[in-house]
>>> print(open('input05.txt').read())   # compact mmCIF, C-alpha atoms
# COMPACT_ATOMS: atom_id res chain seq x y z
CA MET A 449 95.39 -84.36 -101.44
CA PRO A 450 95.18 -88.17 -101.60
CA TYR A 451 94.46 -90.09 -98.42
CA ILE A 452 97.21 -92.63 -97.63
CA GLN A 453 96.98 -94.80 -94.54
CA ASN A 454 99.79 -94.56 -92.02
CA SER A 455 102.12 -97.53 -91.96
CA ASP A 456 103.27 -99.24 -88.76
CA ALA A 457 106.55 -97.37 -89.07
CA ASP A 458 104.72 -94.06 -89.42
CA ARG A 459 102.69 -94.74 -86.29
CA SER A 460 105.74 -95.75 -84.29
CA GLU A 461 107.52 -92.58 -85.33
CA MET A 462 104.58 -90.39 -84.31
CA LEU A 463 104.19 -92.15 -80.94
CA ALA A 464 107.87 -91.69 -80.23
CA ALA A 465 107.61 -88.01 -81.10
CA VAL A 466 104.92 -87.45 -78.46
CA GLY A 467 106.67 -89.66 -75.91
CA VAL A 468 104.32 -92.65 -75.54
CA LYS A 469 104.79 -96.34 -76.27
CA SER A 470 101.38 -97.25 -77.69
CA ILE A 471 98.15 -95.77 -78.96
CA ALA A 472 96.45 -97.00 -75.77
CA ASP A 473 98.71 -94.66 -73.77
CA LEU A 474 96.99 -91.72 -75.47
CA PHE A 475 93.75 -92.60 -73.64
CA THR A 476 94.98 -92.92 -70.07
CA SER A 477 92.83 -89.94 -69.06
CA ILE A 478 89.70 -91.99 -69.80
CA PRO A 479 88.64 -94.15 -66.80
CA GLU A 480 89.31 -97.85 -67.32
CA GLU A 481 85.73 -98.84 -66.48
CA VAL A 482 84.24 -96.91 -69.40
CA ARG A 483 86.71 -98.10 -72.04
CA LEU A 484 85.65 -100.73 -74.58
CA ASN A 485 88.82 -102.86 -74.15
CA GLU A 486 87.88 -105.12 -77.05
CA SER A 487 87.81 -104.95 -80.80
CA LEU A 488 84.81 -103.44 -82.51
CA ASN A 489 82.42 -106.02 -83.92
CA LEU A 490 82.96 -105.09 -87.54
CA SER A 491 82.34 -107.47 -90.41
CA ALA A 492 84.98 -108.27 -93.00
CA GLY A 493 85.48 -105.87 -95.88
CA LEU A 494 83.34 -106.13 -99.01
CA SER A 495 84.22 -105.92 -102.65
CA GLU A 496 82.70 -103.09 -104.68
CA ASP A 497 80.06 -105.40 -106.18
CA GLN A 498 79.20 -106.83 -102.76
CA LEU A 499 78.94 -103.35 -101.30
CA MET A 500 76.62 -102.16 -104.08
CA ARG A 501 74.37 -105.19 -103.58
CA HIS A 502 74.31 -104.58 -99.81
CA MET A 503 73.40 -100.90 -100.28
CA GLN A 504 70.63 -101.83 -102.73
CA GLU A 505 69.20 -104.26 -100.19
CA LEU A 506 69.20 -101.54 -97.56
CA SER A 507 67.57 -98.99 -99.86
CA SER A 508 64.83 -101.45 -100.80
CA GLY A 509 63.45 -100.96 -97.29
CA ASN A 510 62.61 -97.35 -98.12
CA GLN A 511 59.00 -98.14 -98.99
CA ALA A 512 57.80 -94.56 -98.57
CA SER A 513 59.42 -93.56 -101.88
CA ALA A 514 57.62 -96.29 -103.83
CA GLY A 515 53.99 -96.19 -104.86
CA VAL A 516 51.39 -93.81 -103.45
CA ASN A 517 52.27 -91.76 -100.39
CA PHE A 518 50.02 -89.82 -98.02
CA LEU A 519 52.51 -89.59 -95.16
CA GLY A 520 53.32 -86.19 -93.68
CA GLY A 521 54.39 -85.15 -90.21
CA GLY A 522 57.37 -83.14 -91.40
CA ILE A 523 58.50 -85.23 -94.40
CA TYR A 524 56.47 -84.72 -97.58
CA ASP A 525 56.39 -86.43 -100.98
CA HIS A 526 57.09 -83.39 -103.15
CA SER A 527 58.69 -83.52 -106.59
CA TRP A 528 61.56 -81.44 -107.99
CA PRO A 529 62.89 -80.57 -111.43
CA THR A 530 65.58 -82.87 -112.87
CA THR A 531 67.91 -79.89 -113.02
CA VAL A 532 68.20 -80.03 -109.22
CA ASP A 533 69.86 -83.45 -109.31
CA HIS A 534 72.06 -82.48 -112.26
CA LEU A 535 73.40 -79.20 -110.92
CA MET A 536 74.01 -80.30 -107.33
CA SER A 537 75.99 -83.33 -108.56
CA ARG A 538 78.50 -81.18 -110.43
CA SER A 539 81.92 -81.72 -108.90
CA GLU A 540 82.36 -77.99 -108.17
CA PHE A 541 79.57 -78.31 -105.60
CA LEU A 542 79.60 -82.00 -104.72
CA THR A 543 83.23 -82.11 -103.59
CA ALA A 544 83.61 -78.53 -102.38
CA TYR A 545 84.96 -77.94 -98.88
CA THR A 546 83.99 -75.22 -96.44
CA PRO A 547 84.66 -71.86 -98.16
CA TYR A 548 87.17 -70.44 -95.68
CA GLN A 549 89.18 -69.02 -98.59
CA PRO A 550 86.70 -66.82 -100.46
CA GLU A 551 89.05 -66.20 -103.38
CA CYS A 552 88.85 -69.94 -104.15
CA SER A 553 85.15 -70.37 -103.36
CA GLN A 554 83.22 -67.64 -105.15
CA GLY A 555 80.81 -70.10 -106.79
CA THR A 556 79.89 -71.82 -103.54
CA LEU A 557 79.61 -68.51 -101.70
CA GLN A 558 77.39 -67.04 -104.40
CA ALA A 559 75.10 -70.09 -104.24
CA ILE A 560 74.79 -69.69 -100.46
CA TYR A 561 74.15 -65.95 -100.85
CA GLU A 562 71.35 -66.68 -103.33
CA PHE A 563 69.96 -69.27 -100.90
CA GLN A 564 69.94 -66.72 -98.07
CA SER A 565 68.20 -64.16 -100.29
CA MET A 566 65.44 -66.55 -101.33
CA ILE A 567 64.88 -67.88 -97.80
CA ALA A 568 64.65 -64.32 -96.45
CA GLU A 569 62.03 -63.47 -99.07
CA LEU A 570 60.15 -66.72 -98.47
CA CYS A 571 60.00 -66.08 -94.73
CA GLY A 572 59.24 -62.36 -95.04
CA CYS A 573 62.38 -61.41 -93.12
CA GLU A 574 65.32 -59.09 -93.73
CA ILE A 575 68.13 -61.61 -93.26
CA ALA A 576 68.70 -65.37 -93.34
CA ASN A 577 71.74 -67.48 -92.54
CA ALA A 578 73.49 -70.05 -94.73
CA SER A 579 71.24 -72.90 -93.45
CA MET A 580 71.12 -75.11 -90.37
CA TYR A 581 71.32 -78.84 -89.72
CA ASP A 582 67.54 -79.35 -89.78
CA GLY A 583 64.29 -77.71 -88.74
CA ALA A 584 64.38 -79.03 -85.17
CA SER A 585 67.85 -77.68 -84.34
CA ALA A 586 66.96 -74.39 -86.06
CA ALA A 587 63.97 -74.02 -83.70
CA ALA A 588 66.13 -74.81 -80.68
CA GLU A 589 68.70 -72.24 -81.80
CA ALA A 590 65.88 -69.70 -82.14
CA ALA A 591 64.94 -70.31 -78.50
CA MET A 592 68.56 -69.80 -77.44
CA MET A 593 68.87 -66.65 -79.54
CA ALA A 594 65.67 -65.19 -78.04
CA MET A 595 66.97 -65.83 -74.53
CA SER A 596 70.26 -64.15 -75.39
CA GLN A 597 68.61 -61.16 -77.02
CA THR A 598 65.96 -60.54 -74.35
CA ARG A 599 68.06 -61.71 -71.37
CA ARG A 600 65.08 -63.71 -70.17
CA LYS A 601 64.77 -67.42 -69.38
CA LYS A 602 61.19 -68.44 -70.16
CA VAL A 603 60.42 -70.11 -73.50
CA ILE A 604 56.79 -70.89 -74.37
CA VAL A 605 56.42 -73.67 -76.92
CA SER A 606 53.19 -74.68 -78.64
CA ALA A 607 52.18 -78.27 -77.87
CA ALA A 608 51.07 -78.39 -81.51
CA MET A 609 54.65 -78.04 -82.73
CA HIS A 610 56.27 -81.16 -84.16
CA PRO A 611 56.99 -83.48 -81.19
CA GLU A 612 60.60 -84.00 -82.28
CA THR A 613 61.11 -80.25 -82.51
CA ARG A 614 59.78 -79.84 -78.97
CA GLU A 615 62.06 -82.64 -77.78
CA THR A 616 65.06 -80.93 -79.38
CA ILE A 617 64.21 -77.61 -77.73
CA HIS A 618 63.85 -79.41 -74.41
CA THR A 619 67.26 -81.07 -74.88
CA TYR A 620 68.88 -77.69 -75.53
CA LEU A 621 67.29 -76.05 -72.48
CA LYS A 622 67.17 -78.73 -69.81
CA HIS A 623 70.77 -78.33 -68.63
CA ILE A 624 70.88 -74.55 -68.55
CA ASP A 625 69.11 -71.93 -66.47
CA ALA A 626 65.93 -71.86 -68.56
CA GLU A 627 62.23 -72.64 -68.27
CA MET A 628 60.29 -74.36 -71.05
CA VAL A 629 56.50 -74.06 -70.88
CA GLU A 630 54.16 -75.90 -73.25
CA ALA A 631 51.07 -74.03 -74.39
CA PRO A 632 48.06 -76.37 -74.56
CA ILE A 633 46.03 -77.37 -77.61
CA VAL A 634 42.40 -76.29 -77.81
CA ASP A 635 40.37 -77.59 -80.75
CA GLY A 636 43.48 -78.33 -82.80
CA VAL A 637 45.29 -75.00 -82.36
CA THR A 638 47.44 -73.43 -79.65
CA ASP A 639 46.05 -71.52 -76.69
CA PHE A 640 48.66 -69.14 -75.24
CA SER A 641 46.18 -67.50 -72.85
CA GLY A 642 47.69 -66.53 -69.50
CA LEU A 643 51.18 -67.81 -70.33
CA ILE A 644 52.90 -64.84 -71.98
CA ASP A 645 54.32 -62.37 -69.46
CA ASP A 646 57.24 -60.01 -68.91
CA LYS A 647 59.52 -62.97 -68.11
CA THR A 648 58.99 -64.53 -71.53
CA ALA A 649 61.92 -64.67 -73.94
CA ALA A 650 60.24 -66.51 -76.84
CA VAL A 651 56.78 -67.59 -77.95
CA MET A 652 57.10 -70.48 -80.40
CA VAL A 653 54.47 -71.78 -82.81
CA GLN A 654 54.36 -73.91 -85.96
CA GLN A 655 52.67 -72.95 -89.22
CA PRO A 656 50.76 -75.06 -90.19
CA ASN A 657 50.91 -77.01 -86.95
CA PHE A 658 51.54 -80.74 -86.49
CA PHE A 659 47.88 -81.52 -87.17
CA GLY A 660 47.91 -79.51 -90.39
CA ASN A 661 45.83 -76.67 -88.91
CA ILE A 662 46.53 -72.98 -89.57
CA GLU A 663 47.61 -71.03 -86.50
CA ASP A 664 46.85 -67.33 -85.95
CA ILE A 665 50.50 -66.31 -85.97
CA ALA A 666 49.73 -62.62 -86.32
CA ALA A 667 48.06 -62.78 -82.91
CA VAL A 668 51.07 -64.67 -81.52
CA ALA A 669 53.42 -61.98 -82.85
CA GLU A 670 51.32 -59.21 -81.32
CA ALA A 671 51.07 -60.95 -77.93
CA ALA A 672 54.83 -61.43 -77.80
CA LYS A 673 55.47 -57.85 -78.86
CA GLU A 674 53.32 -56.50 -76.03
CA VAL A 675 55.72 -57.93 -73.42
CA LYS A 676 58.86 -57.34 -75.54
CA ALA A 677 59.38 -61.05 -76.11
CA LEU A 678 60.39 -62.53 -79.47
CA SER A 679 57.95 -64.52 -81.56
CA VAL A 680 59.21 -67.60 -83.42
CA ALA A 681 57.40 -69.50 -86.18
CA SER A 682 58.48 -72.90 -87.48
CA LEU A 683 57.37 -72.82 -91.11
CA TYR A 684 56.45 -75.44 -93.72
CA PRO A 685 57.89 -73.39 -96.61
CA VAL A 686 55.60 -74.67 -99.39
CA ALA A 687 52.64 -73.23 -97.48
CA THR A 688 53.86 -69.70 -98.28
CA GLY A 689 52.65 -70.31 -101.83
CA ILE A 690 49.20 -69.60 -100.36
CA LEU A 691 49.68 -68.24 -96.83
CA ALA A 692 51.23 -64.89 -95.94
CA SER A 693 54.82 -65.31 -94.79
CA PRO A 694 55.35 -65.20 -91.01
CA GLY A 695 57.72 -62.23 -91.18
CA LYS A 696 55.07 -60.16 -92.96
CA GLN A 697 52.69 -61.02 -90.11
CA GLY A 698 55.04 -59.66 -87.47
CA ILE A 699 57.01 -62.76 -86.49
CA ASP A 700 60.56 -61.97 -85.34
CA ILE A 701 62.31 -65.27 -86.16
CA VAL A 702 61.26 -67.78 -88.81
CA VAL A 703 62.77 -71.26 -88.89
CA GLY A 704 61.88 -74.54 -90.52
CA ASP A 705 62.97 -77.65 -92.37
CA GLY A 706 63.73 -77.44 -96.07
CA GLN A 707 62.93 -81.05 -97.00
CA SER A 708 59.92 -79.93 -99.04
CA LEU A 709 62.19 -77.74 -101.20
CA GLY A 710 63.67 -80.31 -103.56
CA VAL A 711 65.03 -82.80 -101.01
CA PRO A 712 64.11 -86.52 -101.24
CA MET A 713 62.26 -88.13 -98.34
CA ALA A 714 65.00 -90.79 -98.06
CA PHE A 715 64.67 -92.38 -94.61
CA GLY A 716 63.75 -89.05 -93.02
CA GLY A 717 66.99 -87.24 -93.89
CA PRO A 718 69.35 -85.67 -94.52
CA SER A 719 67.69 -82.33 -95.02
CA PHE A 720 68.55 -78.75 -94.14
CA GLY A 721 67.17 -76.21 -91.73
CA PHE A 722 66.65 -72.54 -92.43
CA PHE A 723 66.82 -69.57 -90.10
CA ALA A 724 65.59 -66.05 -90.91
CA ALA A 725 65.19 -62.96 -88.76
CA GLN A 726 65.13 -59.18 -88.85
CA GLN A 727 68.22 -57.03 -89.34
CA LYS A 728 68.31 -55.99 -85.67
CA SER A 729 69.18 -59.59 -84.75
CA VAL A 730 72.03 -60.04 -87.24
CA ARG A 731 74.80 -60.25 -84.63
CA LYS A 732 72.90 -62.86 -82.63
CA LEU A 733 72.25 -65.09 -85.67
CA PRO A 734 73.55 -68.67 -85.23
CA GLY A 735 75.66 -70.37 -87.85
CA ARG A 736 77.28 -68.47 -90.66
CA LEU A 737 76.32 -65.65 -92.99
CA VAL A 738 77.57 -64.97 -96.51
CA GLY A 739 77.82 -61.33 -97.50
CA ILE A 740 78.49 -59.44 -100.73
CA SER A 741 80.91 -56.58 -101.25
CA ASN A 742 83.63 -55.44 -103.67
CA ASP A 743 87.25 -56.55 -103.76
CA THR A 744 90.27 -54.27 -104.00
CA GLU A 745 89.80 -54.09 -107.77
CA GLY A 746 86.16 -53.07 -107.51
CA ARG A 747 84.76 -56.44 -108.57
CA ARG A 748 81.76 -58.07 -106.88
CA ALA A 749 82.95 -60.47 -104.18
CA PHE A 750 81.29 -62.89 -101.77
CA THR A 751 82.72 -63.82 -98.39
CA LEU A 752 81.79 -65.36 -95.05
CA THR A 753 80.64 -62.37 -93.03
CA PHE A 754 81.28 -62.82 -89.30
CA GLN A 755 83.58 -65.69 -90.19
CA THR A 756 85.45 -65.34 -86.90
CA ARG A 757 82.26 -65.65 -84.95
CA GLU A 758 81.84 -66.23 -81.23
CA GLN A 759 81.08 -69.87 -81.94
CA HIS A 760 84.69 -70.44 -82.98
CA ILE A 761 86.41 -68.86 -80.01
CA ARG A 762 84.20 -68.41 -76.95
CA ARG A 763 83.06 -72.01 -76.37
CA GLU A 764 80.49 -72.16 -73.55
CA LYS A 765 80.12 -68.37 -73.59
CA ALA A 766 79.12 -68.35 -77.25
CA THR A 767 75.58 -67.47 -78.29
CA SER A 768 75.61 -70.61 -80.46
CA ASN A 769 77.94 -73.53 -81.07
CA ILE A 770 76.81 -74.20 -84.63
CA CYS A 771 79.64 -73.09 -86.90
CA THR A 772 78.63 -74.69 -90.19
CA ASN A 773 75.70 -75.41 -92.50
CA ASN A 774 74.30 -78.22 -94.68
CA ALA A 775 75.63 -76.52 -97.80
CA LEU A 776 75.12 -79.29 -100.36
CA ILE A 777 71.54 -80.09 -99.32
CA ALA A 778 70.75 -76.39 -98.99
CA LEU A 779 72.03 -76.03 -102.57
CA ARG A 780 69.25 -78.41 -103.63
CA GLY A 781 66.77 -76.08 -101.98
CA CYS A 782 68.35 -73.06 -103.68
CA ILE A 783 68.19 -74.63 -107.16
CA HIS A 784 64.66 -75.86 -106.51
CA MET A 785 63.41 -72.43 -105.43
CA ALA A 786 65.12 -70.78 -108.39
CA ALA A 787 63.57 -73.28 -110.80
CA LEU A 788 60.07 -72.89 -109.34
CA GLY A 789 60.01 -69.16 -108.81
CA PRO A 790 57.13 -67.49 -106.94
CA GLN A 791 54.52 -68.63 -109.47
CA GLY A 792 55.74 -72.23 -109.41
CA LEU A 793 55.67 -72.32 -105.62
CA GLU A 794 52.12 -70.97 -105.68
CA GLU A 795 51.07 -73.65 -108.15
CA VAL A 796 52.59 -76.41 -105.98
CA ALA A 797 50.79 -75.03 -102.93
CA CYS A 798 47.47 -74.67 -104.75
CA VAL A 799 47.52 -78.21 -106.15
CA SER A 800 48.53 -79.64 -102.76
CA ARG A 801 45.69 -77.75 -101.08
CA GLN A 802 43.17 -78.77 -103.74
CA ARG A 803 44.06 -82.45 -103.40
CA ALA A 804 43.64 -82.17 -99.61
CA LEU A 805 40.15 -80.71 -100.07
CA GLU A 806 39.25 -83.58 -102.40
CA MET A 807 40.64 -86.08 -99.90
CA VAL A 808 38.48 -84.70 -97.09
CA GLU A 809 35.38 -84.92 -99.28
CA LEU A 810 36.06 -88.51 -100.37
CA LEU A 811 36.90 -89.77 -96.89
CA ASP A 812 33.79 -88.11 -95.53
CA LEU A 813 31.79 -90.43 -97.79
CA ALA A 814 33.60 -93.34 -96.14
CA GLY A 815 32.55 -92.14 -92.69
CA ILE A 816 35.91 -90.67 -91.71
CA ARG A 817 35.50 -87.25 -90.11
CA ARG A 818 37.98 -84.46 -89.49
CA ALA A 819 39.20 -84.33 -85.90
CA PHE A 820 39.03 -80.52 -85.92
CA PRO A 821 36.26 -79.53 -88.36
CA ASP A 822 36.26 -75.86 -87.31
CA GLN A 823 39.91 -75.26 -88.26
CA HIS A 824 41.42 -74.23 -91.56
CA PHE A 825 44.15 -76.46 -92.98
CA PHE A 826 46.69 -76.45 -95.81
CA ASN A 827 47.62 -79.85 -97.27
CA GLU A 828 47.65 -82.06 -94.17
CA VAL A 829 44.53 -83.08 -92.30
CA CYS A 830 43.87 -84.73 -88.94
CA PHE A 831 41.06 -87.31 -89.03
CA GLN A 832 39.34 -89.28 -86.28
CA VAL A 833 37.84 -92.77 -86.14
CA ASP A 834 36.62 -94.88 -83.21
CA ASN A 835 39.96 -95.99 -81.77
CA ASP A 836 43.59 -96.76 -82.49
CA GLU A 837 42.76 -100.34 -83.44
CA MET A 838 40.81 -98.98 -86.40
CA VAL A 839 43.69 -96.63 -87.22
CA ALA A 840 46.11 -99.57 -87.28
CA LEU A 841 43.73 -101.62 -89.44
CA PHE A 842 43.37 -98.77 -91.94
CA LYS A 843 47.15 -98.37 -92.15
CA GLN A 844 47.57 -102.12 -92.61
CA ASN A 845 44.98 -102.23 -95.39
CA LEU A 846 46.61 -99.29 -97.15
CA ARG A 847 50.06 -100.88 -97.04
CA ALA A 848 48.66 -104.13 -98.41
CA GLN A 849 47.64 -102.14 -101.51
CA GLY A 850 50.99 -100.33 -101.79
CA VAL A 851 49.72 -97.09 -100.26
CA GLN A 852 51.76 -95.40 -97.54
CA GLY A 853 49.85 -93.27 -95.07
CA VAL A 854 48.28 -92.80 -91.64
CA LEU A 855 50.35 -91.18 -88.89
CA ALA A 856 48.75 -92.06 -85.55
CA MET A 857 48.65 -89.07 -83.20
CA SER A 858 48.44 -91.18 -80.04
CA ALA A 859 52.16 -91.92 -80.45
CA TRP A 860 52.73 -88.39 -79.12
CA TYR A 861 49.39 -87.28 -77.60
CA ASP A 862 47.77 -89.53 -74.98
CA ASP A 863 44.35 -87.96 -75.44
CA MET A 864 44.18 -88.48 -79.23
CA ASP A 865 43.14 -92.11 -79.48
CA GLY A 866 41.71 -92.79 -82.95
CA CYS A 867 43.27 -89.68 -84.53
CA PHE A 868 45.65 -89.75 -87.50
CA THR A 869 46.91 -87.46 -90.25
CA LEU A 870 47.14 -87.78 -94.02
CA ALA A 871 48.92 -85.34 -96.34
CA CYS A 872 48.64 -84.48 -100.02
CA THR A 873 51.17 -82.85 -102.33
CA GLU A 874 51.30 -81.92 -106.01
CA ARG A 875 52.31 -85.56 -106.63
CA THR A 876 48.95 -86.82 -105.33
CA MET A 877 46.90 -87.83 -108.35
CA PRO A 878 43.08 -88.08 -108.53
CA GLU A 879 43.38 -91.85 -108.97
CA ASP A 880 45.44 -91.99 -105.75
CA LEU A 881 42.59 -90.35 -103.87
CA ILE A 882 40.13 -92.82 -105.35
CA ALA A 883 42.32 -95.71 -104.21
CA LEU A 884 42.54 -94.16 -100.72
CA SER A 885 38.79 -93.71 -100.43
CA THR A 886 38.10 -97.23 -101.75
CA ILE A 887 40.32 -98.78 -99.08
CA ALA A 888 38.73 -96.49 -96.47
CA ARG A 889 35.23 -97.64 -97.39
CA GLN A 890 36.32 -101.29 -97.28
CA THR A 891 37.84 -100.70 -93.83
CA PHE A 892 35.12 -98.64 -92.18
CA ILE A 893 31.91 -99.65 -93.99
CA PRO A 894 31.44 -103.42 -93.44
CA GLU A 895 28.93 -103.97 -96.26
CA VAL A 896 31.43 -102.58 -98.80
CA ALA A 897 34.08 -105.13 -97.80
>>> encode(input="input05.txt", output="structure tokens")
Amino acid sequence: MPYIQNSDADRSEMLAAVGVKSIADLFTSIPEEVRLNESLNLSAGLSEDQLMRHMQELSSGNQASAGVNFLGGGIYDHSWPTTVDHLMSRSEFLTAYTPYQPECSQGTLQAIYEFQSMIAELCGCEIANASMYDGASAAAEAAMMAMSQTRRKKVIVSAAMHPETRETIHTYLKHIDAEMVEAPIVDGVTDFSGLIDDKTAAVMVQQPNFFGNIEDIAAVAEAAKEVKALSVASLYPVATGILASPGKQGIDIVVGDGQSLGVPMAFGGPSFGFFAAQQKSVRKLPGRLVGISNDTEGRRAFTLTFQTREQHIRREKATSNICTNNALIALRGCIHMAALGPQGLEEVACVSRQRALEMVELLDLAGIRRAFPDQHFFNEVCFQVDNDEMVALFKQNLRAQGVQGVLAMSAWYDDMDGCFTLACTERTMPEDLIALSTIARQTFIPEVA
């Protein structure tokens, strides 16, 4: 259906039909003191050429996608097969609307079903939903689901989870009858000692954690199980190419952000979240779920299972208010996972890990030590130098050479002055590591400079 703006006559006719004289009369229920009462400060319209030039100028600020990149902290510089861009841009997917009519949406529904199947296998769980907005909201929804399922109010969150994920969980819980407790960090991993009790609804941990360290999630799952709480792991999915999936280690709910599965870094989004759990939790699952069955003629058919979910009709009494999913971006993840396969994912994980090992060795020669030398890591490593001034200088020197990197931990942790992370992926080349170590030596070893 084409979009045609309403004319003045159209608007007058509609206003008369509802019995008001002006559009302003429609907003009388809004207090006068909070209304804008002035025109929005919008610039004049642009021609197509002017708009393209403006968008190109904006995109030129995305420096992370150019040159060498060692940034991590939730957004990683992974590559993807060209087929991902080609298939997701097909009009059948790119312009598709929500598949409320399954008979018209079998292709989209099948793609979502395949996505759910691969995410469930990746996470080691029995079921997965059709995707979430992002990893942070998926984690918050997991906390809400655990509270609903256990009928308890205490949520224990690892302080080593991504700070923005913790903030999102806090935002979800702060205005309801719930208690959020942060488990402290000891030597770079989470210490849940003395916190998990029979009032606990969820125990939440990240794998690997924000510092890149590997958490003992099997122990977390067992501790939660002992008090009949639910364990939740926020997962960096590429890590499962090497690490055992959380579900296979006893975790009840596995969530995470899918940016590393074929989604560009962009300016930090958009991405998609994923949410997987065990079959016993299927009726508490947030969002939507695509199922497979047979139609009246015996043919295979896909449909939105639980389409008329509580979210649509119960409002504040609903277990979740997320009624949709990031279908197009999740499709990228689906195509990417299908193109890689288990062996491809393992290769990506192995190369990323190998480059991280090489990075640690080279930076050690430059006098940069690991902040947590006793911990195992995957592809992201937390380092420590004298102070934040040296961290800022290192970052500045890297950027001057076209290298993006250094995420200062003191932005979120007051006691981590001088600590920063660097991450490697399969796109990190040996020559990139040499450039990194050269700049490190020039920064931290005066005689080299």
>>> residues_around(input="input05.txt", residues="Thr876 in chain A", least_positions_apart="6", cutoff="12 Å", atoms="only C-alpha atoms", output="ChimeraX atom specification")
/A:515-519,524-527,796,799-807,827,851-852,870,882-884
>>> atom_distance(input="input05.txt", atom1="CA of Phe723 in chain A", atom2="CA of Val738 in chain A")
13.3 Å
>>> atom_distance(input="input05.txt", atom1="CA of Glu627 in chain A", atom2="CA of Met595 in chain A")
10.4 Å
>>> atom_distance(input="input05.txt", atom1="CA of Gly850 in chain A", atom2="CA of Ser708 in chain A")
22.4 Å
>>> residues_around(input="input05.txt", residues="Ala672 in chain A", least_positions_apart="3", cutoff="12 Å", atoms="all atoms listed in the file", output="PyMOL selection string")
chain A and resi 594+598+603-604+640-641+643-653+665-669+675-681+698-701
>>> residues_around(input="input05.txt", residues="Ala888 in chain A", least_positions_apart="2", cutoff="7 Å", atoms="all atoms listed in the file", output="ChimeraX atom specification")
/A:811,814,842,884-886,890-892
>>> residues_around(input="input05.txt", residues="range 748-755 of chain A", least_positions_apart="5", cutoff="8 Å", atoms="all atoms listed in the file", output="PyMOL selection string")
chain A and resi 547-548+550+554+557-558+561+736-743
>>> write_last_selection(input="input05.txt", atoms="C-alpha atoms", output="compact mmCIF listing (two decimals), in the frame of the given file")
# COMPACT_ATOMS: atom_id res chain seq x y z
CA PRO A 547 84.66 -71.86 -98.16
CA TYR A 548 87.17 -70.44 -95.68
CA PRO A 550 86.70 -66.82 -100.46
CA GLN A 554 83.22 -67.64 -105.15
CA LEU A 557 79.61 -68.51 -101.70
CA GLN A 558 77.39 -67.04 -104.40
CA TYR A 561 74.15 -65.95 -100.85
CA ARG A 736 77.28 -68.47 -90.66
CA LEU A 737 76.32 -65.65 -92.99
CA VAL A 738 77.57 -64.97 -96.51
CA GLY A 739 77.82 -61.33 -97.50
CA ILE A 740 78.49 -59.44 -100.73
CA SER A 741 80.91 -56.58 -101.25
CA ASN A 742 83.63 -55.44 -103.67
CA ASP A 743 87.25 -56.55 -103.76
>>> closest_residue(input="input05.txt", among="A:Asp834, A:Glu540, A:Asp458, A:Glu879", to="Asp865 in chain A", atoms="all atoms listed in the file")
A:Asp834
>>> residues_around(input="input05.txt", residues="Gly520 in chain A", least_positions_apart="3", cutoff="12 Å", atoms="only C-alpha atoms", output="JSON list (two decimals) with C-alpha atoms, in the coordinates of the input")
[["chain", "number", "residue", "atom", "x", "y", "z"],
["A", 512, "ALA", "CA", 57.80, -94.56, -98.57],
["A", 517, "ASN", "CA", 52.27, -91.76, -100.39],
["A", 523, "ILE", "CA", 58.50, -85.23, -94.40],
["A", 524, "TYR", "CA", 56.47, -84.72, -97.58],
["A", 525, "ASP", "CA", 56.39, -86.43, -100.98],
["A", 526, "HIS", "CA", 57.09, -83.39, -103.15],
["A", 610, "HIS", "CA", 56.27, -81.16, -84.16],
["A", 656, "PRO", "CA", 50.76, -75.06, -90.19],
["A", 657, "ASN", "CA", 50.91, -77.01, -86.95],
["A", 658, "PHE", "CA", 51.54, -80.74, -86.49],
["A", 659, "PHE", "CA", 47.88, -81.52, -87.17],
["A", 660, "GLY", "CA", 47.91, -79.51, -90.39],
["A", 684, "TYR", "CA", 56.45, -75.44, -93.72],
["A", 707, "GLN", "CA", 62.93, -81.05, -97.00],
["A", 708, "SER", "CA", 59.92, -79.93, -99.04],
["A", 713, "MET", "CA", 62.26, -88.13, -98.34],
["A", 716, "GLY", "CA", 63.75, -89.05, -93.02],
["A", 826, "PHE", "CA", 46.69, -76.45, -95.81],
["A", 827, "ASN", "CA", 47.62, -79.85, -97.27],
["A", 828, "GLU", "CA", 47.65, -82.06, -94.17],
["A", 829, "VAL", "CA", 44.53, -83.08, -92.30],
["A", 830, "CYS", "CA", 43.87, -84.73, -88.94],
["A", 852, "GLN", "CA", 51.76, -95.40, -97.54],
["A", 853, "GLY", "CA", 49.85, -93.27, -95.07],
["A", 854, "VAL", "CA", 48.28, -92.80, -91.64],
["A", 855, "LEU", "CA", 50.35, -91.18, -88.89],
["A", 856, "ALA", "CA", 48.75, -92.06, -85.55],
["A", 857, "MET", "CA", 48.65, -89.07, -83.20],
["A", 868, "PHE", "CA", 45.65, -89.75, -87.50],
["A", 869, "THR", "CA", 46.91, -87.46, -90.25],
["A", 870, "LEU", "CA", 47.14, -87.78, -94.02],
["A", 871, "ALA", "CA", 48.92, -85.34, -96.34],
["A", 872, "CYS", "CA", 48.64, -84.48, -100.02],
["A", 873, "THR", "CA", 51.17, -82.85, -102.33]]
>>> closest_residue(input="input05.txt", among="A:Cys798, A:Cys571, A:Ala607, A:Leu535", to="Ile777 in chain A", atoms="only C-alpha atoms")
A:Leu535
